[in-house]
Amino acid sequence: MILSNIRHYSPQEIKTNLLSGLTVALAMVPEAIAFALIAHVSPLTGLYAAFIVALITSAFGGRPGMISGAAGALAVVMVALVVQHGVEYLFATVVLMGLLQILFAVAKLGKFIRMVPHPVMLGFVNGLAIVIFLAQFGHFKTVAADGTTTWMSGNALYLMMALIAVTIAIIYLLPKLTKAIPSTLAAIAAVSFGVGFFNIDTKTVGDLGSIAGGLPSFHLPNVPFNFETLKIVFPYALILAAIGLIETLLTLNLIDDMTDTRGKPNRESMAQGAANVVTGFFGGMGGCAMIGQSMINVNNGALKRLSGIATALFLISFILFASKWIEMIPLAALIGVMFVVAEKTFEWGSFRLFGKVPKQDVFVGLLVGGVTVIADLAIAVILGVIVSALVFAWEHAKQISANSHVDDNGWKIYELKGSLFFASIAAFQNIFNPSNDPDDVVIDFKNAKVVDHSALAAIDGLAVRYQTAGKKLHLKHLSADCLELLDNAKGMIEVNVI
């Protein structure tokens with residue numbers, strides 16, 4: 001099926017996707033190593049995860065063009081598990097994480113990502129752009145023989161900054177001259193050639209750790225298969241599965257918006273889960289969608305499955321055949337690429353929204369972005385959705401109102417407007433005055449909507465208030481399903497009067 005699709009690609013599409021895959025693979029190497037070190041596992045553990053997850057999700061996922069691999073958002077959660085219990089428990093956790101993601105896909109829950117409000121999406125994108133930007137400064141540190149870490153200074157720092165500037169300049173200026181090759185790939189190649197030709201002493205990929213190795217081999221996690229192990233790994237697996245799916249599905253949404261296409265969230269969730277199960281059995285640390293690498297790919301115009309498959313194949317080729325050369329790539333070139341990714345990912349237009357959109361939406365966007373930077377992506381998104389829901393409820397609660405008048409029969413008519421639900425009950429109850437109303441009162445629900453059980457309870461309670469005052473309450477234009485659920489009011493109210 002995949003080969004059949006590739007046969008329908010034009011020569012230009014094949015070229016674009018292959019070159020973009022190479023560019024993305026080069027950009028993934030230092031990040032996979034860095035994330036592995038954060039999680040206290042070997043560099044190859046991160047690289048194997050990047051290869052396996054990228055290959056499976058690109059081949060079978062629901063969002064062609066999106067790149068997945070070892071991710072920092074997952075690495076920070078893994079640290080405590082690895083330190084306390086060892087890497088074998090991590091492999092078991094990654095397998096369980098994948099199974100949980102598969103269950104999520106089987107239950108077809110991916111569609112609910114469409115419920116994430118736009119301010120939350122803006123906060124997510126801007127927060128991750130800042131995270132990508134700040135993460136690069138870790139490469140400006142040097143580790144002494146005694147393990148102490150210091151910031152680069154002097155000529156080493158100036159040289160690093162100069163190489164980064166050259167990289168950024170090539171990325172932005174080359175497309176004005178030619179688009180024959182991706183400018184990011186050209187920048188990495190040009191800076192790498194310059195450093196090698198002039199024998200410039202600067203930090204390289206090899207300074208992070210060796211990437212030389214063989215093919216990943218099947219490996220059952222060496223842990224006891226009992227309930228005690230499950231108690232250890234399940235909480236981590238649940239958190240990792242949630243973070244991975246949230247980052248993946250939000251990235252899918254972002255690419256959908258950028259390309260005006262529609263991905264398949266459930267299919268992507270299934271592929272992510274399968275990829276994590278496989279990587280757990282082959283010595284990888286698991287992964288999810290990577291917004292930085294995905295942005296490189298999309299900005300290169302690579303929107304086919306071939307780009308992700310090529311990324312994975314280039315990665316494993318680096319490990320097997322080209323580790324010596326890849327380790328010579330200056331970190332400055334890859335840092336420059338990621339700085340550009342951060343700049344292009346950040347939604348600069350969001351600043352123009354200040355004063356033009358409701359203040360609550362601005363607050364939600366800033367909240368999600370801030371929490372993403374200082375805490376955790378999953379917490380940020382969940383918090384943003386909750387706050388957005390509360391704001392929505394609060395605003396709609398204030399919209400309940402009623403026009404009232406007394407008809408020729410002396411009955412008082414309340415024409416209710418708005419939504420009656422848990423948050424608007426207090427305002428609903430304050431509209432009525434049983435002690436001063438006439439003996440017969442009509443509430444017309446023609447322009448109102450009864451939303452939840454709390455609203456029905458409020459109607460029941462209002463009926464009791466009028467009964468206590470010795471008066472009759474009538475309901476008009478109330479739906480049949482609401483009538484069936486009324487309790488106290490059933491015996492007290494004449495419903496749907498004319």
# chains A, B, ... in the order shown; residues from 1 in each chain; ligands from 1
>>> residues_around(residues="Leu96 (chain A)", least_positions_apart="3", cutoff="8 Å", atoms="only C-alpha atoms", output="list of chain:residue names")
A:Ala92, A:Thr93, A:Leu99, A:Leu100, A:Val233, A:Phe234, A:Ala237, A:Val277
>>> write_last_selection(atoms="C-alpha atoms", output="compact mmCIF listing (two decimals), in the first residue's frame")
# COMPACT_ATOMS: atom_id res chain seq x y z
CA ALA A 92 8.14 -2.16 30.48
CA THR A 93 6.52 1.22 31.08
CA LEU A 99 -1.10 -0.37 25.05
CA LEU A 100 -2.96 2.44 26.82
CA VAL A 233 4.98 1.15 36.02
CA PHE A 234 1.25 1.89 35.59
CA ALA A 237 2.68 4.67 31.76
CA VAL A 277 4.83 -1.06 22.15
>>> residues_around(residues="region 386-402 of chain A", least_positions_apart="3", cutoff="8 Å", atoms="only C-alpha atoms", output="count of residues only")
20
>>> residues_around(residues="Leu134 (chain A)", least_positions_apart="6", cutoff="10 Å", atoms="only C-alpha atoms", output="list in words")
Leu128, Phe339, Ala342 and Val373 of chain A
>>> write_last_selection(atoms="N, CA and C atoms", output="compact mmCIF listing (two decimals), in the first residue's frame")
# COMPACT_ATOMS: atom_id res chain seq x y z
N LEU A 128 5.42 25.88 23.41
CA LEU A 128 6.40 24.93 22.88
C LEU A 128 7.49 25.64 22.09
N PHE A 339 16.57 27.33 16.37
CA PHE A 339 16.18 28.71 16.63
C PHE A 339 15.19 29.19 15.57
N ALA A 342 11.85 27.59 16.20
CA ALA A 342 11.14 28.26 17.28
C ALA A 342 10.49 29.55 16.78
N VAL A 373 5.83 26.23 29.59
CA VAL A 373 7.25 26.57 29.75
C VAL A 373 7.78 26.15 31.11
>>> residues_around(residues="Gln136 (chain A)", least_positions_apart="5", cutoff="10 Å", atoms="only C-alpha atoms", output="list in words")
Glu31, Val131, Leu331, Ala332, Leu334, Ile335, Gly336, Met338 and Phe339 of chain A
>>> write_last_selection(atoms="N, CA and C atoms", output="PDB file, in the first residue's frame")
ATOM      1  N   GLU A  31      18.842  16.053  19.479  1.00  0.00           N
ATOM      2  CA  GLU A  31      17.712  16.089  20.410  1.00  0.00           C
ATOM      3  C   GLU A  31      17.453  14.708  21.003  1.00  0.00           C
ATOM      4  N   VAL A 131       9.826  26.777  24.626  1.00  0.00           N
ATOM      5  CA  VAL A 131      10.557  25.623  25.173  1.00  0.00           C
ATOM      6  C   VAL A 131      11.669  25.189  24.206  1.00  0.00           C
ATOM      7  N   LEU A 331      27.377  21.519  16.514  1.00  0.00           N
ATOM      8  CA  LEU A 331      26.110  21.753  17.200  1.00  0.00           C
ATOM      9  C   LEU A 331      25.529  23.108  16.843  1.00  0.00           C
ATOM     10  N   ALA A 332      26.402  24.057  16.543  1.00  0.00           N
ATOM     11  CA  ALA A 332      25.930  25.407  16.215  1.00  0.00           C
ATOM     12  C   ALA A 332      24.973  25.385  15.026  1.00  0.00           C
ATOM     13  N   LEU A 334      22.946  22.951  14.097  1.00  0.00           N
ATOM     14  CA  LEU A 334      21.655  22.392  14.502  1.00  0.00           C
ATOM     15  C   LEU A 334      20.936  23.322  15.472  1.00  0.00           C
ATOM     16  N   ILE A 335      21.682  24.034  16.304  1.00  0.00           N
ATOM     17  CA  ILE A 335      21.070  25.033  17.188  1.00  0.00           C
ATOM     18  C   ILE A 335      20.431  26.135  16.357  1.00  0.00           C
ATOM     19  N   GLY A 336      21.144  26.577  15.316  1.00  0.00           N
ATOM     20  CA  GLY A 336      20.592  27.608  14.439  1.00  0.00           C
ATOM     21  C   GLY A 336      19.304  27.153  13.783  1.00  0.00           C
ATOM     22  N   MET A 338      17.146  24.995  14.972  1.00  0.00           N
ATOM     23  CA  MET A 338      16.079  24.959  15.971  1.00  0.00           C
ATOM     24  C   MET A 338      15.654  26.360  16.398  1.00  0.00           C
ATOM     25  N   PHE A 339      16.573  27.329  16.373  1.00  0.00           N
ATOM     26  CA  PHE A 339      16.180  28.711  16.634  1.00  0.00           C
ATOM     27  C   PHE A 339      15.190  29.187  15.568  1.00  0.00           C
TER      28      PHE A 339
END
>>> closest_residue(among="A:Lys446, A:Phe193, A:Leu366, A:Phe218", to="Leu353 (chain A)", atoms="only C-alpha atoms")
A:Leu366
>>> atom_distance(atom1="CA of Phe137 (chain A)", atom2="CA of Thr345 (chain A)")
17.7 Å
>>> closest_atom_pairs(of="region 13-64 of chain A", to="region 201-213 of chain A", cutoff="7 Å", atoms="only C-alpha atoms", output="JSON lines")
{"residue": "A:Pro30", "atom": "CA", "partner": "A:Val205", "partner_atom": "CA", "distance": 6.2}
{"residue": "A:Ile33", "atom": "CA", "partner": "A:Leu208", "partner_atom": "CA", "distance": 6.8}
{"residue": "A:Pro43", "atom": "CA", "partner": "A:Gly209", "partner_atom": "CA", "distance": 6.5}
{"residue": "A:Leu44", "atom": "CA", "partner": "A:Ile211", "partner_atom": "CA", "distance": 6.2}
>>> atom_distance(atom1="CA of Ser58 (chain A)", atom2="CA of Leu313 (chain A)")
11.3 Å
>>> closest_residue(among="A:Gly365, A:Gly470, A:Pro64, A:Pro330", to="Ala27 (chain A)", atoms="only C-alpha atoms")
A:Pro330
>>> residues_around(residues="Tyr89 (chain A)", least_positions_apart="2", cutoff="8 Å", atoms="only C-alpha atoms", output="list in words")
Leu81, Val82, His85, Gly86, Val87, Phe91, Ala92, Thr93, Pro221, Asn222, Val223 and Val233 of chain A
>>> closest_residue(among="A:Ala59, A:Leu26, A:Ile168, A:Val341", to="Ala322 (chain A)", atoms="only C-alpha atoms")
A:Leu26
>>> atom_distance(atom1="CA of Leu377 (chain A)", atom2="CA of Ala71 (chain A)")
11.7 Å
>>> select_by_dssp(residues="region 266-437 of chain A", states="alpha helix (DSSP H)", output="compact mmCIF listing (two decimals) with N, CA and C atoms, in the first residue's frame")
# COMPACT_ATOMS: atom_id res chain seq x y z
N ASN A 266 -7.73 9.25 15.52
CA ASN A 266 -7.77 7.88 16.06
C ASN A 266 -6.73 6.98 15.41
N ARG A 267 -6.57 7.13 14.12
CA ARG A 267 -5.55 6.34 13.42
C ARG A 267 -4.15 6.71 13.91
N GLU A 268 -3.94 8.00 14.12
CA GLU A 268 -2.63 8.44 14.62
C GLU A 268 -2.39 7.92 16.03
N SER A 269 -3.43 7.94 16.85
CA SER A 269 -3.29 7.41 18.22
C SER A 269 -2.95 5.93 18.20
N MET A 270 -3.60 5.18 17.29
CA MET A 270 -3.31 3.75 17.16
C MET A 270 -1.86 3.53 16.74
N ALA A 271 -1.40 4.30 15.77
CA ALA A 271 -0.02 4.16 15.30
C ALA A 271 0.98 4.54 16.38
N GLN A 272 0.68 5.59 17.12
CA GLN A 272 1.57 6.00 18.22
C GLN A 272 1.65 4.88 19.26
N GLY A 273 0.50 4.30 19.60
CA GLY A 273 0.50 3.22 20.57
C GLY A 273 1.29 2.02 20.09
N ALA A 274 1.06 1.60 18.85
CA ALA A 274 1.80 0.46 18.30
C ALA A 274 3.30 0.74 18.26
N ALA A 275 3.67 1.97 17.89
CA ALA A 275 5.08 2.34 17.83
C ALA A 275 5.73 2.25 19.20
N ASN A 276 5.02 2.68 20.23
CA ASN A 276 5.60 2.63 21.58
C ASN A 276 5.70 1.20 22.11
N VAL A 277 4.73 0.36 21.77
CA VAL A 277 4.83 -1.06 22.15
C VAL A 277 6.08 -1.68 21.52
N VAL A 278 6.27 -1.42 20.24
CA VAL A 278 7.43 -1.99 19.54
C VAL A 278 8.73 -1.44 20.09
N THR A 279 8.80 -0.13 20.28
CA THR A 279 10.07 0.46 20.76
C THR A 279 10.40 -0.01 22.18
N GLY A 280 9.36 -0.29 22.99
CA GLY A 280 9.62 -0.82 24.33
C GLY A 280 10.25 -2.20 24.29
N PHE A 281 9.89 -2.99 23.27
CA PHE A 281 10.46 -4.34 23.12
C PHE A 281 11.79 -4.34 22.37
N ILE A 291 6.99 18.67 17.64
CA ILE A 291 6.51 19.85 16.91
C ILE A 291 7.64 20.53 16.16
N GLY A 292 8.85 20.56 16.72
CA GLY A 292 9.96 21.22 16.05
C GLY A 292 10.29 20.56 14.72
N GLN A 293 10.52 19.25 14.76
CA GLN A 293 10.85 18.52 13.54
C GLN A 293 9.69 18.50 12.56
N SER A 294 8.47 18.45 13.09
CA SER A 294 7.29 18.50 12.21
C SER A 294 7.22 19.83 11.48
N MET A 295 7.57 20.92 12.17
CA MET A 295 7.55 22.23 11.53
C MET A 295 8.62 22.33 10.45
N ILE A 296 9.80 21.75 10.69
CA ILE A 296 10.83 21.72 9.64
C ILE A 296 10.27 21.03 8.41
N ASN A 297 9.64 19.89 8.62
CA ASN A 297 9.11 19.10 7.51
C ASN A 297 8.03 19.85 6.75
N VAL A 298 7.07 20.40 7.48
CA VAL A 298 5.96 21.10 6.84
C VAL A 298 6.45 22.34 6.11
N ASN A 299 7.37 23.08 6.73
CA ASN A 299 7.89 24.29 6.09
C ASN A 299 8.71 23.96 4.84
N ARG A 305 3.95 10.63 3.37
CA ARG A 305 4.49 9.64 4.31
C ARG A 305 5.97 9.38 4.05
N LEU A 306 6.39 9.57 2.81
CA LEU A 306 7.79 9.30 2.45
C LEU A 306 8.75 10.11 3.28
N SER A 307 8.40 11.34 3.65
CA SER A 307 9.32 12.19 4.41
C SER A 307 9.63 11.58 5.77
N GLY A 308 8.60 11.10 6.47
CA GLY A 308 8.82 10.49 7.78
C GLY A 308 9.54 9.16 7.69
N ILE A 309 9.18 8.37 6.67
CA ILE A 309 9.87 7.08 6.48
C ILE A 309 11.33 7.33 6.17
N ALA A 310 11.60 8.33 5.31
CA ALA A 310 12.98 8.67 4.98
C ALA A 310 13.74 9.13 6.22
N THR A 311 13.08 9.93 7.06
CA THR A 311 13.71 10.37 8.31
C THR A 311 14.18 9.17 9.13
N ALA A 312 13.29 8.19 9.29
CA ALA A 312 13.62 7.01 10.09
C ALA A 312 14.78 6.22 9.46
N LEU A 313 14.74 6.04 8.14
CA LEU A 313 15.79 5.27 7.47
C LEU A 313 17.12 6.00 7.50
N PHE A 314 17.09 7.31 7.38
CA PHE A 314 18.34 8.07 7.50
C PHE A 314 18.91 7.94 8.91
N LEU A 315 18.02 7.97 9.91
CA LEU A 315 18.48 7.85 11.30
C LEU A 315 19.21 6.53 11.52
N ILE A 316 18.61 5.43 11.10
CA ILE A 316 19.25 4.14 11.32
C ILE A 316 20.52 4.01 10.48
N SER A 317 20.54 4.67 9.31
CA SER A 317 21.75 4.67 8.49
C SER A 317 22.88 5.41 9.18
N PHE A 318 22.54 6.51 9.86
CA PHE A 318 23.55 7.24 10.62
C PHE A 318 24.19 6.33 11.67
N ILE A 319 23.34 5.58 12.36
CA ILE A 319 23.82 4.71 13.44
C ILE A 319 24.70 3.60 12.88
N LEU A 320 24.29 3.02 11.76
CA LEU A 320 24.99 1.85 11.21
C LEU A 320 26.23 2.21 10.40
N SER A 323 28.07 7.16 11.51
CA SER A 323 28.19 7.79 12.83
C SER A 323 29.40 8.72 12.91
N LYS A 324 30.52 8.30 12.29
CA LYS A 324 31.74 9.11 12.33
C LYS A 324 31.51 10.49 11.73
N TRP A 325 30.76 10.53 10.62
CA TRP A 325 30.54 11.81 9.94
C TRP A 325 29.47 12.64 10.64
N ILE A 326 28.43 11.99 11.11
CA ILE A 326 27.35 12.73 11.80
C ILE A 326 27.88 13.35 13.08
N LEU A 331 27.38 21.52 16.51
CA LEU A 331 26.11 21.75 17.20
C LEU A 331 25.53 23.11 16.84
N ALA A 332 26.40 24.06 16.54
CA ALA A 332 25.93 25.41 16.22
C ALA A 332 24.97 25.39 15.03
N ALA A 333 25.26 24.53 14.04
CA ALA A 333 24.39 24.46 12.86
C ALA A 333 23.01 23.96 13.25
N LEU A 334 22.95 22.95 14.10
CA LEU A 334 21.66 22.39 14.50
C LEU A 334 20.94 23.32 15.47
N ILE A 335 21.68 24.03 16.30
CA ILE A 335 21.07 25.03 17.19
C ILE A 335 20.43 26.13 16.36
N GLY A 336 21.14 26.58 15.32
CA GLY A 336 20.59 27.61 14.44
C GLY A 336 19.30 27.15 13.78
N VAL A 337 19.27 25.90 13.35
CA VAL A 337 18.05 25.35 12.74
C VAL A 337 16.90 25.40 13.74
N MET A 338 17.15 25.00 14.97
CA MET A 338 16.08 24.96 15.97
C MET A 338 15.65 26.36 16.40
N PHE A 339 16.57 27.33 16.37
CA PHE A 339 16.18 28.71 16.63
C PHE A 339 15.19 29.19 15.57
N VAL A 340 15.46 28.85 14.31
CA VAL A 340 14.55 29.22 13.23
C VAL A 340 13.20 28.50 13.41
N VAL A 341 13.25 27.23 13.79
CA VAL A 341 12.01 26.48 14.04
C VAL A 341 11.19 27.18 15.12
N ALA A 342 11.85 27.59 16.20
CA ALA A 342 11.14 28.26 17.28
C ALA A 342 10.49 29.55 16.78
N GLU A 343 11.25 30.30 15.97
CA GLU A 343 10.72 31.57 15.46
C GLU A 343 9.52 31.35 14.55
N LYS A 344 9.60 30.32 13.70
CA LYS A 344 8.51 30.06 12.76
C LYS A 344 7.32 29.39 13.44
N THR A 345 7.57 28.69 14.54
CA THR A 345 6.48 28.04 15.27
C THR A 345 5.67 29.04 16.07
N LYS A 359 -10.82 39.35 26.97
CA LYS A 359 -9.68 39.26 27.88
C LYS A 359 -9.52 37.84 28.43
N GLN A 360 -10.62 37.12 28.57
CA GLN A 360 -10.54 35.76 29.08
C GLN A 360 -9.74 34.86 28.13
N ASP A 361 -9.92 35.05 26.82
CA ASP A 361 -9.18 34.25 25.85
C ASP A 361 -7.69 34.56 25.89
N VAL A 362 -7.38 35.85 26.04
CA VAL A 362 -5.96 36.23 26.17
C VAL A 362 -5.36 35.59 27.41
N PHE A 363 -6.10 35.61 28.51
CA PHE A 363 -5.61 35.02 29.75
C PHE A 363 -5.36 33.53 29.59
N VAL A 364 -6.29 32.82 28.94
CA VAL A 364 -6.13 31.37 28.75
C VAL A 364 -4.90 31.08 27.92
N GLY A 365 -4.70 31.84 26.84
CA GLY A 365 -3.52 31.64 26.00
C GLY A 365 -2.23 31.85 26.75
N LEU A 366 -2.17 32.93 27.54
CA LEU A 366 -0.97 33.21 28.34
C LEU A 366 -0.76 32.14 29.41
N LEU A 367 -1.86 31.69 30.01
CA LEU A 367 -1.78 30.66 31.05
C LEU A 367 -1.21 29.37 30.49
N VAL A 368 -1.74 28.91 29.36
CA VAL A 368 -1.27 27.65 28.77
C VAL A 368 0.19 27.77 28.35
N GLY A 369 0.53 28.89 27.71
CA GLY A 369 1.91 29.09 27.30
C GLY A 369 2.86 29.10 28.48
N GLY A 370 2.48 29.82 29.55
CA GLY A 370 3.33 29.90 30.72
C GLY A 370 3.51 28.56 31.42
N VAL A 371 2.42 27.83 31.59
CA VAL A 371 2.52 26.53 32.27
C VAL A 371 3.30 25.54 31.42
N THR A 372 3.16 25.62 30.10
CA THR A 372 3.95 24.76 29.21
C THR A 372 5.44 24.98 29.42
N VAL A 373 5.83 26.23 29.59
CA VAL A 373 7.25 26.57 29.75
C VAL A 373 7.78 26.15 31.11
N ILE A 374 7.02 26.44 32.18
CA ILE A 374 7.57 26.24 33.52
C ILE A 374 7.22 24.89 34.13
N LEU A 377 3.47 20.08 29.61
CA LEU A 377 2.53 20.28 28.51
C LEU A 377 1.15 19.76 28.83
N ALA A 378 1.06 18.54 29.35
CA ALA A 378 -0.25 17.95 29.63
C ALA A 378 -1.01 18.77 30.66
N ILE A 379 -0.32 19.18 31.73
CA ILE A 379 -0.96 20.01 32.75
C ILE A 379 -1.45 21.31 32.14
N ALA A 380 -0.62 21.91 31.27
CA ALA A 380 -0.97 23.18 30.66
C ALA A 380 -2.23 23.07 29.82
N VAL A 381 -2.31 22.04 28.99
CA VAL A 381 -3.47 21.89 28.10
C VAL A 381 -4.73 21.55 28.90
N ILE A 382 -4.60 20.63 29.84
CA ILE A 382 -5.77 20.27 30.65
C ILE A 382 -6.26 21.47 31.45
N LEU A 383 -5.32 22.21 32.04
CA LEU A 383 -5.69 23.42 32.79
C LEU A 383 -6.36 24.43 31.88
N GLY A 384 -5.82 24.60 30.67
CA GLY A 384 -6.40 25.55 29.73
C GLY A 384 -7.81 25.18 29.34
N VAL A 385 -8.06 23.89 29.09
CA VAL A 385 -9.40 23.44 28.72
C VAL A 385 -10.37 23.67 29.88
N ILE A 386 -9.92 23.35 31.11
CA ILE A 386 -10.79 23.54 32.28
C ILE A 386 -11.13 25.01 32.47
N VAL A 387 -10.12 25.87 32.39
CA VAL A 387 -10.36 27.30 32.57
C VAL A 387 -11.27 27.83 31.47
N SER A 388 -11.05 27.38 30.23
CA SER A 388 -11.91 27.82 29.13
C SER A 388 -13.36 27.39 29.36
N ALA A 389 -13.54 26.16 29.85
CA ALA A 389 -14.89 25.67 30.13
C ALA A 389 -15.56 26.48 31.24
N LEU A 390 -14.79 26.80 32.27
CA LEU A 390 -15.33 27.59 33.38
C LEU A 390 -15.70 29.00 32.93
N VAL A 391 -14.83 29.59 32.10
CA VAL A 391 -15.12 30.92 31.57
C VAL A 391 -16.38 30.89 30.71
N PHE A 392 -16.48 29.86 29.86
CA PHE A 392 -17.67 29.71 29.01
C PHE A 392 -18.93 29.60 29.87
N ALA A 393 -18.84 28.76 30.91
CA ALA A 393 -20.00 28.58 31.79
C ALA A 393 -20.37 29.88 32.50
N TRP A 394 -19.35 30.59 32.95
CA TRP A 394 -19.61 31.85 33.67
C TRP A 394 -20.27 32.89 32.76
N GLU A 395 -19.76 33.00 31.54
CA GLU A 395 -20.31 33.99 30.61
C GLU A 395 -21.74 33.65 30.23
N HIS A 396 -22.01 32.37 29.99
CA HIS A 396 -23.37 31.97 29.64
C HIS A 396 -24.31 32.05 30.83
N ALA A 397 -23.77 31.88 32.02
CA ALA A 397 -24.62 31.97 33.22
C ALA A 397 -25.18 33.38 33.38
N ILE A 425 -28.23 28.90 37.65
CA ILE A 425 -29.37 28.63 38.54
C ILE A 425 -29.62 29.79 39.50
N ALA A 426 -28.55 30.35 40.08
CA ALA A 426 -28.73 31.45 41.04
C ALA A 426 -29.42 32.64 40.37
N ALA A 427 -28.96 32.98 39.15
CA ALA A 427 -29.59 34.09 38.43
C ALA A 427 -31.03 33.77 38.08
N PHE A 428 -31.31 32.52 37.73
CA PHE A 428 -32.68 32.08 37.41
C PHE A 428 -33.59 32.25 38.62
N GLN A 429 -33.14 31.82 39.77
CA GLN A 429 -33.97 31.90 40.98
C GLN A 429 -34.25 33.34 41.39
N ASN A 430 -33.30 34.25 41.11
CA ASN A 430 -33.48 35.64 41.51
C ASN A 430 -34.46 36.39 40.62
N ILE A 431 -34.80 35.79 39.48
CA ILE A 431 -35.75 36.45 38.56
C ILE A 431 -37.16 36.49 39.16
>>> decode(residues="region 147-193 of chain A", atoms="C-alpha atoms", output="tab-separated table (two decimals), in the first residue's frame")
chain	number	residue	atom	x	y	z
A	147	GLY	CA	31.44	16.98	36.49
A	148	THR	CA	30.83	20.67	37.17
A	149	THR	CA	28.91	22.61	34.54
A	150	THR	CA	29.82	26.12	33.39
A	151	TRP	CA	28.60	28.46	30.69
A	152	MET	CA	30.74	28.91	27.61
A	153	SER	CA	32.65	32.18	27.46
A	154	GLY	CA	35.28	34.00	25.45
A	155	ASN	CA	36.24	32.90	21.96
A	156	ALA	CA	34.36	29.59	22.20
A	157	LEU	CA	31.11	31.44	22.87
A	158	TYR	CA	31.70	34.04	20.16
A	159	LEU	CA	32.55	31.34	17.63
A	160	MET	CA	29.42	29.37	18.51
A	161	MET	CA	27.26	32.48	18.13
A	162	ALA	CA	28.89	33.34	14.79
A	163	LEU	CA	28.24	29.86	13.39
A	164	ILE	CA	24.63	30.02	14.59
A	165	ALA	CA	24.22	33.39	12.90
A	166	VAL	CA	25.64	32.04	9.62
A	167	THR	CA	23.24	29.07	9.82
A	168	ILE	CA	20.22	31.32	10.39
A	169	ALA	CA	21.29	33.68	7.60
A	170	ILE	CA	21.56	30.82	5.09
A	171	ILE	CA	18.15	29.43	6.09
A	172	TYR	CA	16.43	32.77	5.55
A	173	LEU	CA	18.39	34.06	2.54
A	174	LEU	CA	18.93	30.95	0.38
A	175	PRO	CA	15.23	30.58	-0.61
A	176	LYS	CA	15.48	34.03	-2.22
A	177	LEU	CA	18.10	32.60	-4.60
A	178	THR	CA	16.98	29.00	-5.08
A	179	LYS	CA	14.60	26.42	-3.67
A	180	ALA	CA	16.33	23.47	-5.28
A	181	ILE	CA	17.25	22.07	-1.87
A	182	PRO	CA	15.83	22.80	1.58
A	183	SER	CA	17.60	25.81	3.05
A	184	THR	CA	17.92	24.06	6.42
A	185	LEU	CA	19.82	21.18	4.84
A	186	ALA	CA	22.01	23.59	2.89
A	187	ALA	CA	22.78	25.53	6.07
A	188	ILE	CA	23.80	22.40	7.99
A	189	ALA	CA	25.97	21.22	5.10
A	190	ALA	CA	27.61	24.61	4.52
A	191	VAL	CA	28.46	25.23	8.18
A	192	SER	CA	29.68	21.65	8.64
A	193	PHE	CA	31.92	21.97	5.55
